[in-house]
Each structure stands twice: as structure tokens, then as C-alpha cells.
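Q: Pasting input-v4.cif below, which is mmCIF, C-alpha atoms.
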```cif
data_entry
#
loop_
_atom_site.label_atom_id
_atom_site.label_comp_id
_atom_site.auth_asym_id
_atom_site.auth_seq_id
_atom_site.Cartn_x
_atom_site.Cartn_y
_atom_site.Cartn_z
CA MET A 1 -17.10 27.18 -4.40
CA ARG A 2 -14.09 25.20 -5.37
CA ARG A 3 -14.54 21.48 -5.43
CA VAL A 4 -11.72 19.07 -5.68
CA PRO A 5 -11.69 15.30 -5.80
CA THR A 6 -11.96 13.93 -2.36
CA ILE A 7 -11.47 10.26 -2.01
CA THR A 8 -13.18 9.62 1.20
CA ALA A 9 -15.68 7.28 2.62
CA PRO A 10 -15.66 4.36 4.84
CA ARG A 11 -14.91 1.27 2.83
CA VAL A 12 -14.31 2.41 -0.60
CA VAL A 13 -17.42 3.77 -1.90
CA ALA A 14 -18.19 6.24 -4.46
CA CYS A 15 -16.73 9.57 -4.03
CA THR A 16 -18.81 11.95 -5.95
CA ILE A 17 -16.53 14.40 -7.51
CA ALA A 18 -18.32 17.15 -9.10
CA GLY A 19 -17.51 16.95 -12.73
CA LEU A 20 -14.16 15.33 -12.31
CA LEU A 21 -14.32 14.28 -15.83
CA ILE A 22 -15.49 17.53 -16.84
CA LEU A 23 -12.82 17.66 -14.43
CA ALA A 24 -11.59 20.99 -13.73
CA ALA A 25 -14.86 22.44 -14.73
CA THR A 26 -16.17 22.35 -11.21
CA ALA A 27 -13.01 23.61 -9.77
CA VAL A 28 -12.87 26.71 -11.80
CA VAL A 29 -13.92 29.98 -10.58
CA ASP A 30 -14.65 32.09 -13.51
CA VAL A 31 -12.85 30.98 -16.58
CA ALA A 32 -14.98 28.44 -18.22
CA ALA A 33 -13.26 27.36 -21.34
CA GLN A 34 -10.51 24.78 -21.62
CA SER A 35 -7.29 26.66 -21.78
CA ASN A 36 -4.42 25.62 -23.93
CA LYS A 37 -2.42 28.74 -23.43
CA LYS A 38 0.31 26.77 -21.74
CA PRO A 39 1.17 24.03 -24.17
CA GLY A 40 2.94 20.89 -23.15
CA PRO A 41 5.20 19.27 -22.50
CA GLU A 42 5.04 20.02 -18.80
CA THR A 43 6.36 17.93 -15.96
CA PHE A 44 5.18 17.95 -12.37
CA ASN A 45 6.83 16.21 -9.46
CA ALA A 46 4.91 15.40 -6.31
CA LYS A 47 4.88 13.29 -3.21
CA ALA A 48 1.90 10.96 -3.05
CA SER A 49 0.93 10.32 0.53
CA VAL A 50 -1.70 8.08 2.00
CA GLY A 51 -2.39 7.31 5.61
CA SER A 52 -4.75 5.21 7.63
CA GLU A 53 -5.01 3.66 11.04
CA ALA A 54 -2.63 0.95 9.88
CA GLY A 55 0.17 3.21 8.73
CA ARG A 56 1.38 5.72 6.22
CA GLY A 57 2.94 5.40 2.80
CA ASP A 58 4.70 7.92 0.61
CA ALA A 59 5.95 7.73 -2.93
CA PHE A 60 7.46 10.20 -5.33
CA VAL A 61 5.55 10.51 -8.55
CA THR A 62 5.98 12.37 -11.81
CA ILE A 63 3.24 13.58 -14.10
CA ARG A 64 4.39 14.48 -17.57
CA ILE A 65 1.93 16.07 -19.94
CA ASP A 66 2.97 16.22 -23.57
CA GLU A 67 -0.23 17.67 -24.91
CA TRP A 68 -3.69 18.55 -23.71
CA THR A 69 -6.52 16.37 -24.86
CA SER A 70 -8.58 17.95 -27.61
CA GLU A 71 -12.14 19.09 -26.99
CA LYS A 72 -13.27 16.62 -29.60
CA ASN A 73 -11.78 13.68 -27.76
CA ILE A 74 -13.07 14.95 -24.43
CA ALA A 75 -16.55 15.16 -25.87
CA THR A 76 -16.27 11.62 -27.25
CA MET A 77 -15.29 10.23 -23.87
CA GLU A 78 -17.97 12.18 -22.03
CA LYS A 79 -20.58 10.92 -24.44
CA ALA A 80 -19.35 7.35 -24.02
CA LEU A 81 -19.64 7.68 -20.25
CA LYS A 82 -23.11 9.12 -20.46
CA ASP A 83 -24.41 6.62 -22.99
CA GLY A 84 -22.49 3.48 -22.18
CA GLY A 85 -21.28 3.81 -18.62
CA SER A 86 -17.90 2.92 -17.19
CA ALA A 87 -16.97 0.25 -19.72
CA ALA A 88 -17.68 2.49 -22.70
CA PHE A 89 -15.75 5.29 -21.11
CA VAL A 90 -12.69 3.09 -20.57
CA THR A 91 -12.89 1.87 -24.15
CA GLU A 92 -12.92 5.40 -25.52
CA LEU A 93 -10.23 6.49 -23.10
CA ARG A 94 -7.90 3.78 -24.34
CA ARG A 95 -8.60 4.77 -27.93
CA ALA A 96 -7.60 8.34 -27.26
CA PRO A 97 -4.05 9.42 -28.07
CA VAL A 98 -1.47 9.35 -25.33
CA ALA A 99 -1.31 12.79 -23.76
CA GLY A 100 1.49 12.10 -21.32
CA HIS A 101 2.77 9.71 -18.70
CA PHE A 102 2.43 9.12 -15.01
CA GLU A 103 5.49 7.62 -13.40
CA ALA A 104 5.80 6.01 -10.00
CA ALA A 105 8.13 3.40 -8.59
CA GLN A 106 9.94 2.93 -11.89
CA GLN A 107 6.70 2.23 -13.70
CA SER A 108 5.18 4.36 -16.40
CA PHE A 109 1.48 4.66 -17.21
CA SER A 110 -0.19 6.37 -20.15
CA ILE A 111 -2.26 9.47 -19.62
CA ARG A 112 -5.01 9.72 -22.18
CA TRP A 113 -7.04 12.52 -20.68
CA ALA A 114 -5.29 15.74 -19.77
CA ARG A 115 -7.11 18.95 -19.25
CA GLN A 116 -6.47 22.24 -17.58
CA ARG A 117 -8.59 25.16 -16.63
CA GLU A 118 -7.51 28.52 -15.46
CA THR A 119 -8.58 29.86 -12.12
CA LYS A 120 -8.12 33.21 -10.42
CA THR A 121 -4.96 32.01 -8.75
CA GLY A 122 -3.57 29.58 -11.28
CA ARG A 123 -5.05 26.52 -12.87
CA VAL A 124 -6.57 23.17 -12.20
CA ILE A 125 -5.19 20.21 -14.12
CA SER A 126 -7.08 16.98 -14.44
CA VAL A 127 -5.60 13.78 -15.69
CA VAL A 128 -6.93 10.29 -16.33
CA VAL A 129 -4.54 7.37 -16.66
CA ASP A 130 -5.70 4.48 -18.83
CA LYS A 131 -4.89 1.89 -16.16
CA PRO A 132 -4.94 1.78 -12.39
CA VAL A 133 -1.67 2.88 -10.87
CA TYR A 134 -1.83 1.10 -7.52
CA PHE A 135 -4.48 -0.58 -5.40
CA VAL A 136 -3.99 1.06 -2.04
CA GLY A 137 -5.18 -1.32 0.66
CA ALA A 138 -5.02 -4.44 -1.48
CA GLY A 139 -2.30 -5.85 0.74
CA VAL A 140 -4.66 -6.40 3.62
CA PRO A 141 -5.75 -10.05 3.78
CA GLY A 142 -9.30 -10.33 2.51
CA ALA A 143 -9.14 -7.06 0.59
CA LYS A 144 -11.90 -6.53 -1.91
CA SER A 145 -11.61 -7.40 -5.57
CA LYS A 146 -9.69 -5.11 -7.87
CA GLU A 147 -12.02 -5.80 -10.74
CA GLY A 148 -13.61 -2.83 -12.40
CA TYR A 149 -11.13 -0.28 -11.13
CA ASP A 150 -9.62 0.33 -14.52
CA VAL A 151 -8.23 3.84 -14.44
CA ALA A 152 -6.53 6.36 -12.19
CA VAL A 153 -7.69 9.93 -11.80
CA ILE A 154 -5.53 12.85 -10.71
CA GLN A 155 -6.29 16.45 -10.06
CA LEU A 156 -3.70 19.13 -9.45
CA VAL A 157 -4.49 22.60 -8.18
CA MET A 158 -1.58 24.78 -9.19
CA ASP A 159 -0.82 28.41 -8.48
CA SER A 160 0.66 30.76 -10.99
CA SER A 161 4.19 30.07 -9.81
CA GLY A 162 3.95 26.37 -10.54
CA VAL A 163 3.46 25.11 -7.01
CA GLY A 164 0.39 23.32 -5.79
CA GLU A 165 -1.23 20.25 -4.35
CA GLY A 166 -3.59 17.60 -5.53
CA THR A 167 -5.46 14.39 -5.03
CA MET A 168 -5.38 11.05 -6.73
CA ALA A 169 -7.67 8.09 -7.03
CA ALA A 170 -4.92 5.57 -7.72
CA ALA A 171 -7.40 2.94 -8.87
CA ALA A 172 -10.79 4.21 -9.81
CA ARG A 173 -14.00 3.49 -11.58
CA VAL A 174 -15.61 6.37 -13.42
CA LYS A 175 -19.37 6.16 -13.40
CA PRO A 176 -22.18 8.25 -14.69
CA GLY A 177 -24.40 9.59 -11.96
CA GLY A 178 -24.59 12.05 -9.14
CA PRO A 179 -25.65 15.65 -9.35
CA ASP A 180 -22.87 16.51 -11.76
CA GLY A 181 -23.13 13.50 -13.99
CA VAL A 182 -19.85 11.94 -12.99
CA GLU A 183 -18.88 9.86 -10.00
CA ILE A 184 -15.47 8.56 -9.13
CA ASP A 185 -15.46 5.35 -7.14
CA ALA A 186 -12.00 5.00 -5.67
CA TYR A 187 -10.60 1.64 -4.61
CA GLU A 188 -8.73 3.10 -1.69
CA THR A 189 -10.49 3.96 1.51
CA ALA A 190 -8.16 6.74 2.51
CA PRO A 191 -7.49 9.64 0.19
CA VAL A 192 -4.20 9.78 -1.65
CA LYS A 193 -2.88 13.31 -1.36
CA LEU A 194 -0.39 14.81 -3.73
CA LEU A 195 1.81 17.09 -1.70
CA SER A 196 4.47 19.55 -2.73
CA VAL A 197 3.47 19.44 -6.35
CA MET A 198 6.01 21.41 -8.34
CA LYS A 199 6.20 22.14 -12.01
CA LEU A 200 9.62 21.25 -13.31
CA ILE A 201 11.36 24.31 -14.65
CA LYS A 202 12.89 23.67 -18.02
CA MET B 1 7.81 -5.12 -14.77
CA ARG B 2 8.06 -4.67 -11.12
CA ALA B 3 10.16 -7.40 -9.66
CA LEU B 4 8.76 -9.18 -6.69
CA THR B 5 11.62 -11.41 -6.04
CA ALA B 6 11.53 -13.75 -3.16
CA LEU B 7 14.02 -13.44 -0.42
CA LEU B 8 15.13 -16.21 1.75
CA VAL B 9 15.87 -15.07 5.18
CA ALA B 10 17.12 -17.22 7.92
CA ILE B 11 15.54 -16.65 11.28
CA PRO B 12 17.98 -18.39 13.58
CA VAL B 13 15.81 -18.19 16.62
CA PHE B 14 13.24 -20.64 15.38
CA VAL B 15 15.15 -23.81 15.82
CA ALA B 16 17.01 -22.68 18.85
CA GLY B 17 17.23 -25.25 21.52
CA SER B 18 15.44 -25.15 24.77
CA GLN B 19 14.37 -21.88 26.26
CA SER B 20 16.91 -21.11 28.91
CA TYR B 21 16.03 -17.48 29.36
CA LYS B 22 14.07 -16.30 32.32
CA ASN B 23 10.47 -16.32 31.27
CA THR B 24 9.34 -12.74 30.87
CA ALA B 25 5.81 -13.30 29.61
CA PRO B 26 3.25 -11.91 29.67
CA GLU B 27 4.72 -8.91 27.97
CA SER B 28 4.07 -6.65 25.03
CA PHE B 29 6.05 -4.58 22.60
CA LYS B 30 5.45 -1.68 20.29
CA ALA B 31 7.45 -1.55 17.09
CA ASN B 32 7.81 0.98 14.30
CA GLY B 33 7.96 -0.83 11.00
CA GLN B 34 9.36 0.67 7.83
CA ILE B 35 9.73 -0.61 4.33
CA SER B 36 11.27 1.43 1.56
CA GLY B 37 12.06 1.18 -2.09
CA ALA B 38 13.65 3.28 -4.77
CA ARG B 39 10.98 5.96 -4.86
CA GLY B 40 8.88 5.53 -1.79
CA GLY B 41 8.23 3.87 1.49
CA ALA B 42 5.71 3.04 4.15
CA ALA B 43 5.70 3.11 7.91
CA SER B 44 3.45 1.53 10.44
CA SER B 45 3.12 0.95 14.14
CA ILE B 46 2.88 -2.70 15.17
CA ASP B 47 1.82 -4.04 18.56
CA ILE B 48 3.06 -7.43 19.64
CA ALA B 49 1.66 -9.15 22.71
CA VAL B 50 3.01 -12.38 24.15
CA ASP B 51 0.93 -13.99 26.87
CA LYS B 52 3.34 -16.88 27.18
CA TYR B 53 6.21 -18.34 25.25
CA THR B 54 5.84 -21.68 23.51
CA PRO B 55 7.14 -24.47 25.75
CA ASP B 56 9.85 -26.76 24.43
CA ALA B 57 7.51 -29.71 23.99
CA GLU B 58 5.10 -27.78 21.77
CA HIS B 59 7.99 -26.22 19.93
CA GLU B 60 9.35 -29.65 19.13
CA VAL B 61 5.99 -30.66 17.69
CA LEU B 62 6.20 -27.74 15.29
CA VAL B 63 9.80 -28.43 14.36
CA LYS B 64 8.92 -32.02 13.51
CA ALA B 65 5.89 -30.90 11.53
CA LEU B 66 8.03 -28.48 9.56
CA GLN B 67 10.43 -31.23 8.68
CA GLN B 68 7.46 -33.09 7.17
CA GLY B 69 6.55 -30.12 5.00
CA TYR B 70 4.79 -26.78 4.85
CA GLU B 71 1.23 -28.08 4.99
CA PRO B 72 1.79 -30.32 8.05
CA PHE B 73 3.51 -27.38 9.69
CA LEU B 74 0.57 -25.06 9.04
CA GLU B 75 -1.81 -27.64 10.37
CA ALA B 76 0.24 -28.11 13.52
CA LEU B 77 0.65 -24.37 14.01
CA ARG B 78 -3.06 -23.75 13.80
CA LYS B 79 -3.68 -26.41 16.42
CA GLN B 80 -1.53 -24.53 18.90
CA PRO B 81 -3.29 -22.35 21.44
CA GLN B 82 -3.32 -18.62 20.92
CA ILE B 83 -0.55 -17.20 23.07
CA GLY B 84 -0.52 -13.61 21.95
CA SER B 85 -1.33 -11.27 19.11
CA VAL B 86 0.16 -9.05 16.46
CA LYS B 87 -1.87 -5.95 15.82
CA LEU B 88 -1.57 -3.76 12.77
CA GLY B 89 -4.03 -0.90 12.60
CA PRO B 90 -7.50 -2.14 13.43
CA ASN B 91 -6.68 -5.78 12.74
CA SER B 92 -5.37 -8.30 15.23
CA TYR B 93 -3.78 -11.64 14.33
CA PRO B 94 -3.34 -14.56 16.73
CA VAL B 95 0.16 -15.60 17.70
CA ARG B 96 0.51 -19.37 17.99
CA TRP B 97 4.23 -19.67 18.38
CA ALA B 98 6.58 -17.45 20.39
CA ARG B 99 10.11 -18.07 21.52
CA GLU B 100 12.80 -16.10 23.21
CA ARG B 101 16.43 -16.79 23.97
CA PRO B 102 19.38 -14.77 25.22
CA THR B 103 21.95 -13.59 22.72
CA ASP B 104 24.29 -12.24 25.38
CA LYS B 105 24.00 -11.18 28.97
CA ASP B 106 22.18 -7.95 28.06
CA HIS B 107 20.09 -8.96 25.08
CA ARG B 108 17.51 -11.50 24.09
CA ARG B 109 15.96 -12.39 20.79
CA VAL B 110 12.22 -12.79 20.53
CA ALA B 111 10.36 -14.36 17.61
CA VAL B 112 6.64 -14.79 17.15
CA MET B 113 4.56 -16.32 14.41
CA THR B 114 0.94 -15.70 13.54
CA ASP B 115 -1.27 -18.28 11.93
CA LYS B 116 -2.34 -15.86 9.22
CA PRO B 117 -0.61 -13.31 7.02
CA VAL B 118 -0.74 -9.78 8.34
CA PHE B 119 -0.07 -7.78 5.19
CA PHE B 120 0.96 -8.49 1.62
CA ALA B 121 3.44 -5.74 0.93
CA GLY B 122 3.32 -4.86 -2.73
CA ALA B 123 0.04 -6.64 -3.43
CA GLY B 124 -1.46 -3.35 -4.54
CA ALA B 125 0.77 -3.23 -7.59
CA VAL B 126 -1.00 -3.70 -10.88
CA ASP B 127 1.22 -6.64 -11.73
CA ALA B 128 1.27 -8.14 -8.24
CA LYS B 129 1.79 -11.86 -7.97
CA PRO B 130 -0.78 -14.16 -6.32
CA THR B 131 -0.86 -14.15 -2.55
CA ALA B 132 -1.74 -17.81 -2.14
CA GLY B 133 0.70 -19.85 -0.11
CA PHE B 134 1.94 -17.06 2.10
CA ASP B 135 0.01 -18.09 5.17
CA VAL B 136 1.85 -16.82 8.21
CA ALA B 137 3.64 -13.76 9.49
CA LEU B 138 6.87 -13.82 11.42
CA VAL B 139 8.23 -11.08 13.67
CA GLU B 140 11.72 -11.26 15.07
CA PHE B 141 13.56 -8.71 17.18
CA THR B 142 16.30 -8.30 19.74
CA VAL B 143 15.77 -6.22 22.86
CA ASP B 144 18.11 -5.30 25.65
CA THR B 145 17.47 -5.50 29.36
CA VAL B 146 15.91 -2.05 29.28
CA GLY B 147 13.44 -3.23 26.66
CA LEU B 148 14.73 -1.39 23.60
CA GLY B 149 15.69 -3.04 20.36
CA THR B 150 15.33 -3.55 16.63
CA GLY B 151 14.17 -6.35 14.40
CA SER B 152 12.39 -7.36 11.24
CA MET B 153 9.06 -8.71 10.10
CA ALA B 154 7.96 -10.96 7.29
CA PRO B 155 4.32 -9.86 7.14
CA ALA B 156 3.20 -12.58 4.74
CA ALA B 157 5.49 -15.55 4.62
CA LYS B 158 5.93 -19.19 3.92
CA VAL B 159 8.44 -21.27 5.79
CA LYS B 160 10.29 -24.42 5.05
CA ALA B 161 12.93 -26.53 6.67
CA GLY B 162 16.41 -26.03 5.40
CA GLY B 163 19.39 -23.77 5.40
CA SER B 164 22.08 -23.51 7.97
CA THR B 165 19.65 -22.61 10.71
CA GLY B 166 17.02 -25.21 9.99
CA ILE B 167 14.37 -22.85 8.70
CA GLU B 168 14.01 -20.62 5.70
CA VAL B 169 11.47 -17.86 5.53
CA GLN B 170 10.26 -16.50 2.23
CA ASP B 171 8.27 -13.30 2.37
CA TYR B 172 5.69 -12.37 -0.24
CA SER B 173 7.29 -9.04 -1.04
CA GLY B 174 10.85 -10.24 -1.16
CA LYS B 175 11.72 -7.59 1.35
CA LEU B 176 11.37 -7.58 5.09
CA ILE B 177 9.80 -4.79 7.06
CA GLU B 178 12.48 -3.24 9.21
CA LEU B 179 11.50 -2.74 12.81
CA ARG B 180 13.59 0.33 13.46
CA THR B 181 12.56 0.67 17.06
CA VAL B 182 11.07 -1.91 19.35
CA ILE B 183 10.01 -0.92 22.83
CA ARG B 184 8.87 -3.26 25.53
CA ASN B 185 5.78 -1.79 27.12
CA LEU B 186 5.93 -1.11 30.82
CA LYS B 187 3.54 -3.21 32.78
#
```
Show me the file's structure as C-alpha cells.
A:
Amino acid sequence: MRRVPTITAPRVVACTIAGLLILAATAVVDVAAQSNKKPGPETFNAKASVGSEAGRGDAFVTIRIDEWTSEKNIATMEKALKDGGSAAFVTELRRAPVAGHFEAAQQSFSIRWARQRETKTGRVISVVVDKPVYFVGAGVPGAKSKEGYDVAVIQLVMDSSGVGEGTMAAAARVKPGGPDGVEIDAYETAPVKLLSVMKLIK
Amino acid sequence: MRALTALLVAIPVFVAGSQSYKNTAPESFKANGQISGARGGAASSIDIAVDKYTPDAEHEVLVKALQQGYEPFLEALRKQPQIGSVKLGPNSYPVRWARERPTDKDHRRVAVMTDKPVFFAGAGAVDAKPTAGFDVALVEFTVDTVGLGTGSMAPAAKVKAGGSTGIEVQDYSGKLIELRTVIRNLK
């Protein structure tokens, strides 16, 4: 069964994403190991779309991956999450080398976790940005505090031709817990979908 | 750094003289709001209901309060009775000031003000500025005799006396929401 990050829930609560930080691990079908067969840099363009009862917003985003995060660094961050929780994870994440950039609305954010796993039909790419990208819903008067939502998490499901779709927790808190050991608590109440994801052809 | 520059927008209808237009309230409107930037945009449906328009006497009270400053104006506005609502998604905000006036024989301009902000556009940005001080929302549109029109909305604004029209409106985002279509609902 393929599992992808779903940012759902009434009022921003934890969205358990099976192994999001082991990220693609849960989304893979049968190829278990991290694949680095397709080295960076790679660039993906997408339309981020979010909708709720109050309206709909769209933005064009770019995800540029210069290199995949090493297994050693992944293990360090996973251990930090397991042993020290969200804060320790964020600390280790920000110590990790920059793996790429996420760009939206003329702003650029550092990606410090980039991983891909092959699937039968393509690959699943998971990315963690070292800061939140946007607090969807924060414009509503009385919106909840932004505190603690220190990263952004993105997952792309790509086919072999370089086309796909994805999801994004634009401001998220990564927590240990849940059946798979990792929970993503997204600030936004409605899921941010990444539509028309396309790998930029060099 | 993302610029959140303030924009001063004159809303001429506010200080318009007495209401000479045939009173059409109660009435309601549905508007499609859009705001866009370099790499994205948002759209929303907004419902505006006006139970009655603010009479001249109460309007004058607000004008005088505004001339005394923003805080006296807010205080006076919040003392006004609720005369309508602006609804965005599941949330409804009381309208405490509403005026209309003809712009020509086939059109009229309608303006309403809520006593609370409706939405802080851009407040989700990581480097967003504080929202304090933007305490009202202002919707302004022109409709024809059929009930179709366009307009704009300052969803979180502060107002002050001044400018050529007597009032200046500063929206939190620095950019107004465009009301691309406004439709008067059939009764």
C-alpha cells in the first residue's frame, strides 16, 4: 500500500505520515534502499494549491535538489528525532549541509533533507526545508500561534517520465510517535497539494 | 525580504454627503475576490449583507470621530448598531457602517465597514509584519441598476482622516482584494 503525506484533520492536528522522515520508505513498493542513481542537481516546478471553505490559493513553486542527503546524515537526524524529539531534530537538520532550495514567491529556503526512493512506476522524493515556508491560515483573525512549526515537509511522487504530483506541509512540526515512529503536525488545516509537478529538462 | 508595503487608497464614498439615493436596503451581494502577486494568487467568495444603510446623522458622528483620530473612530464605530454582515467562508463579521450613493443614473457606489478585520492577507509569510492596528475591513463596489458590478476590499485596514477625499485607508497587505464580479442577490 502506498502511503503519502496527507495533511488533513479538522483544526490542524497531527497528520500521521507513515515514515515521512524515513520519508519515502513507506511509499515505496519494493525497492528498499535509498537510490542515488539519479544524481542532482534536479529541478522540479509545481503549482501549490490549497483550498478551504473560505477560498482557494495557488502559487508556483520550484524545488531544486543539488544533492541527495547522505545516509549518515539521515541516520543522525532520525536518531535526534527519536532521542530528543522535535527540537533535537530541527537542530540536527539545520546542521546538515544544504541539499537544495525551495523557491516560492521570490523567496528561497534551504533544503537540508533530500531523499528519493525508487518505485515500480518511478520514484518518491522527500524533502525537508529547514524553515517553514508559509503559514497557511495564519491570516484569519485569531489564528493559532506559529510557534513550534519550524520546518516544511514535501513529498513528490514522480513517474519515470518526470511528471508527478505531491503534497506539502508548508509549516510543520516533526514529532516522534505514531505507528511508524514519525508524525508530521501541519500548521494548515487544509492539505497543500502540489499539482502538475514536472522535472525541468536540462 | 518580502515587502509588505502599505498602500494608501482613497475611498471617496466614505465622506460623501447625504444619502440621496433611493434606499435599497435590505439587500445582499455576492462578490468574487481575487488577489494576485508575481507567482501566485488567491480567490474567495464573499457575501455582503446590508440590512440598512447608515443614516446621515450617525454617519456624521463617525466622520467627526475620525477627525479626532483612529481610536475615537474605532470606539464610535463599535458603538454603532450592527446593520449587516460580511461573510468569508465560515466566519461572519458585523457591518456597522454602510453607505451608498449614485455615481450616475445607472450606477451606485456601495461601501461597508466591519468593526473587525476579516483577513490579514500575507500574514502567513514567515517574515510577516504584526497585525496589530488593522482593526476594520472595508468593502467598496459599484453596481449598476441590474445589480452587477466590481469593486475592491481592504480586508484588514486602518483608516485616518486626510487626503483629497477626507479619508485614507491603509490595508495590512498593501494590496487590495479585487472584487472582479459583484452580484446583487435577488430577493
Q: Just the number, please: distance in Å from CA of Leu93 in chain A to CA of Val124 in chain A, one decimal.
A: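 Separation between CA of Leu93 in chain A and CA of Val124 in chain A: 20.3 Å.
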Q: Point out the residue among A:Arg173, A:Pro141, A:Pro179, A:Ala105 with the least atom-to-atom distance to Ala137 in chain B, counting only C-alpha atoms.
A: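 For Ala137 in chain B, the nearest of the candidates is A:Pro141.
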Q: For this structure, which residues satisfy the selection - the PyMOL selection byres ((chain B) within 12 of (chain A)) - when it is evaluated on the file as given? I want them as a PDB file with C-alpha atoms, in the coordinates of the input.
A:
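Listing of out19.pdb after writing:
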```pdb
ATOM      1  CA  MET B   1       7.810  -5.120 -14.770  1.00  0.00           C
ATOM      2  CA  ARG B   2       8.060  -4.670 -11.120  1.00  0.00           C
ATOM      3  CA  ALA B   3      10.160  -7.400  -9.660  1.00  0.00           C
ATOM      4  CA  ASN B  32       7.810   0.980  14.300  1.00  0.00           C
ATOM      5  CA  GLY B  33       7.960  -0.830  11.000  1.00  0.00           C
ATOM      6  CA  GLN B  34       9.360   0.670   7.830  1.00  0.00           C
ATOM      7  CA  ILE B  35       9.730  -0.610   4.330  1.00  0.00           C
ATOM      8  CA  SER B  36      11.270   1.430   1.560  1.00  0.00           C
ATOM      9  CA  GLY B  37      12.060   1.180  -2.090  1.00  0.00           C
ATOM     10  CA  ALA B  38      13.650   3.280  -4.770  1.00  0.00           C
ATOM     11  CA  ARG B  39      10.980   5.960  -4.860  1.00  0.00           C
ATOM     12  CA  GLY B  40       8.880   5.530  -1.790  1.00  0.00           C
ATOM     13  CA  GLY B  41       8.230   3.870   1.490  1.00  0.00           C
ATOM     14  CA  ALA B  42       5.710   3.040   4.150  1.00  0.00           C
ATOM     15  CA  ALA B  43       5.700   3.110   7.910  1.00  0.00           C
ATOM     16  CA  SER B  44       3.450   1.530  10.440  1.00  0.00           C
ATOM     17  CA  SER B  45       3.120   0.950  14.140  1.00  0.00           C
ATOM     18  CA  ILE B  46       2.880  -2.700  15.170  1.00  0.00           C
ATOM     19  CA  ASP B  47       1.820  -4.040  18.560  1.00  0.00           C
ATOM     20  CA  LYS B  87      -1.870  -5.950  15.820  1.00  0.00           C
ATOM     21  CA  LEU B  88      -1.570  -3.760  12.770  1.00  0.00           C
ATOM     22  CA  GLY B  89      -4.030  -0.900  12.600  1.00  0.00           C
ATOM     23  CA  PRO B  90      -7.500  -2.140  13.430  1.00  0.00           C
ATOM     24  CA  ASN B  91      -6.680  -5.780  12.740  1.00  0.00           C
ATOM     25  CA  SER B  92      -5.370  -8.300  15.230  1.00  0.00           C
ATOM     26  CA  TYR B  93      -3.780 -11.640  14.330  1.00  0.00           C
ATOM     27  CA  LYS B 116      -2.340 -15.860   9.220  1.00  0.00           C
ATOM     28  CA  PRO B 117      -0.610 -13.310   7.020  1.00  0.00           C
ATOM     29  CA  VAL B 118      -0.740  -9.780   8.340  1.00  0.00           C
ATOM     30  CA  PHE B 119      -0.070  -7.780   5.190  1.00  0.00           C
ATOM     31  CA  PHE B 120       0.960  -8.490   1.620  1.00  0.00           C
ATOM     32  CA  ALA B 121       3.440  -5.740   0.930  1.00  0.00           C
ATOM     33  CA  GLY B 122       3.320  -4.860  -2.730  1.00  0.00           C
ATOM     34  CA  ALA B 123       0.040  -6.640  -3.430  1.00  0.00           C
ATOM     35  CA  GLY B 124      -1.460  -3.350  -4.540  1.00  0.00           C
ATOM     36  CA  ALA B 125       0.770  -3.230  -7.590  1.00  0.00           C
ATOM     37  CA  VAL B 126      -1.000  -3.700 -10.880  1.00  0.00           C
ATOM     38  CA  ASP B 127       1.220  -6.640 -11.730  1.00  0.00           C
ATOM     39  CA  ALA B 128       1.270  -8.140  -8.240  1.00  0.00           C
ATOM     40  CA  LYS B 129       1.790 -11.860  -7.970  1.00  0.00           C
ATOM     41  CA  PRO B 130      -0.780 -14.160  -6.320  1.00  0.00           C
ATOM     42  CA  THR B 131      -0.860 -14.150  -2.550  1.00  0.00           C
ATOM     43  CA  ALA B 132      -1.740 -17.810  -2.140  1.00  0.00           C
ATOM     44  CA  PHE B 134       1.940 -17.060   2.100  1.00  0.00           C
ATOM     45  CA  ASP B 135       0.010 -18.090   5.170  1.00  0.00           C
ATOM     46  CA  VAL B 136       1.850 -16.820   8.210  1.00  0.00           C
ATOM     47  CA  ALA B 137       3.640 -13.760   9.490  1.00  0.00           C
ATOM     48  CA  PRO B 155       4.320  -9.860   7.140  1.00  0.00           C
ATOM     49  CA  ALA B 156       3.200 -12.580   4.740  1.00  0.00           C
ATOM     50  CA  TYR B 172       5.690 -12.370  -0.240  1.00  0.00           C
ATOM     51  CA  SER B 173       7.290  -9.040  -1.040  1.00  0.00           C
TER      52      SER B 173
END
```
Q: Record the distance separating CA of Gly122 in chain A and CA of Ala96 in chain A, expressed in Å with one decimal.
A: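 Interatomic distance, CA of Gly122 in chain A to CA of Ala96 in chain A: 26.9 Å.
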Q: To one decimal place, how far is CA of Leu200 in chain A from CA of Gly166 in chain A in Å?
A: 15.8 Å
Q: Given the point (-8.4, 4.7, -24.3) in the file's coordinates, find the residues that have an atom at most 8 Å from it, counting all atoms listed in the file, and give them as a ChimeraX atom specification.
A: /A:90-97,112,130
Q: Just checking: using only C-alpha atoms, which residue out of B:Pro55, B:Gly149, B:Pro102, B:Gly162 ends up closest to Gly69 in chain B?
A: B:Gly162
Q: Find the residue from B:Gln67, B:Thr145, B:Gln82, B:Ser28 that sits nearest to Ile167 in chain B; use only C-alpha atoms when measuring.
A: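 Using only C-alpha atoms, Ile167 in chain B sits closest to B:Gln67.
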Q: Once the PyMOL selection byres ((chain B and resi 95) around 8) has been evaluated on this model, what residues remain selected, and can you format them as an MDAnalysis selection string?
A: chainID B and resid 50 82:86 93:94 96:98 112:115
Q: For Gln116 in chain A, which residue among A:Thr62, A:Met168, A:Pro41, A:Val157 is the nearest when counting only C-alpha atoms?
A: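 Closest to Gln116 in chain A, using only C-alpha atoms: A:Val157.
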Q: Just so the selection is clear, what residues does the PyMOL selection byres ((chain B and resi 179) around 8) cover here, as a PyMOL selection string?
A: chain B and resi 31-34+141+150-153+177-178+180-182
Q: Box for range 148-157 of chain B - axis-aligned, 4 Å on each of the six sides, all listed atoms - centre and size in Å to one decimal, as AutoDock Vina command-line options.
A:
```
--center_x 9.4 --center_y -8.5 --center_z 14.1 --size_x 20.5 --size_y 22.2 --size_z 27.0
```
Q: Could you pull the residues within 6 Å of Lys199 in chain A, counting only C-alpha atoms, minus those fewer than 5 positions along the same chain, as a ChimeraX atom specification?
A: /A:43-44,162
Q: Nearest to Thr103 in chain B: which of B:Thr142, B:Gln80, B:Asn185, B:Thr54 is it, counting all atoms listed in the file?
A: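 Answer, going by the shortest atom-to-atom distance: B:Thr142.
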Q: Mind checking which residues fall within 12 Å of Glu71 in chain B, counting all atoms listed in the file, ignoring those fewer than 6 positions away in the same chain, and posting them as a list in words?
A: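 Near neighbours after the sequence-gap exclusion: Leu62, Ala65, Leu77, Arg78, Gly133, Phe134, Asp135, Val136, Lys158, Val159, Lys160 and Ala161 of chain B.
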Q: Got a sec: who's within 9 Å of Val146 in chain B, counting all atoms listed in the file, leaving out chain neighbours fewer than 4 positions off, as an MDAnalysis selection string?
A: chainID B and resid 106 183:184
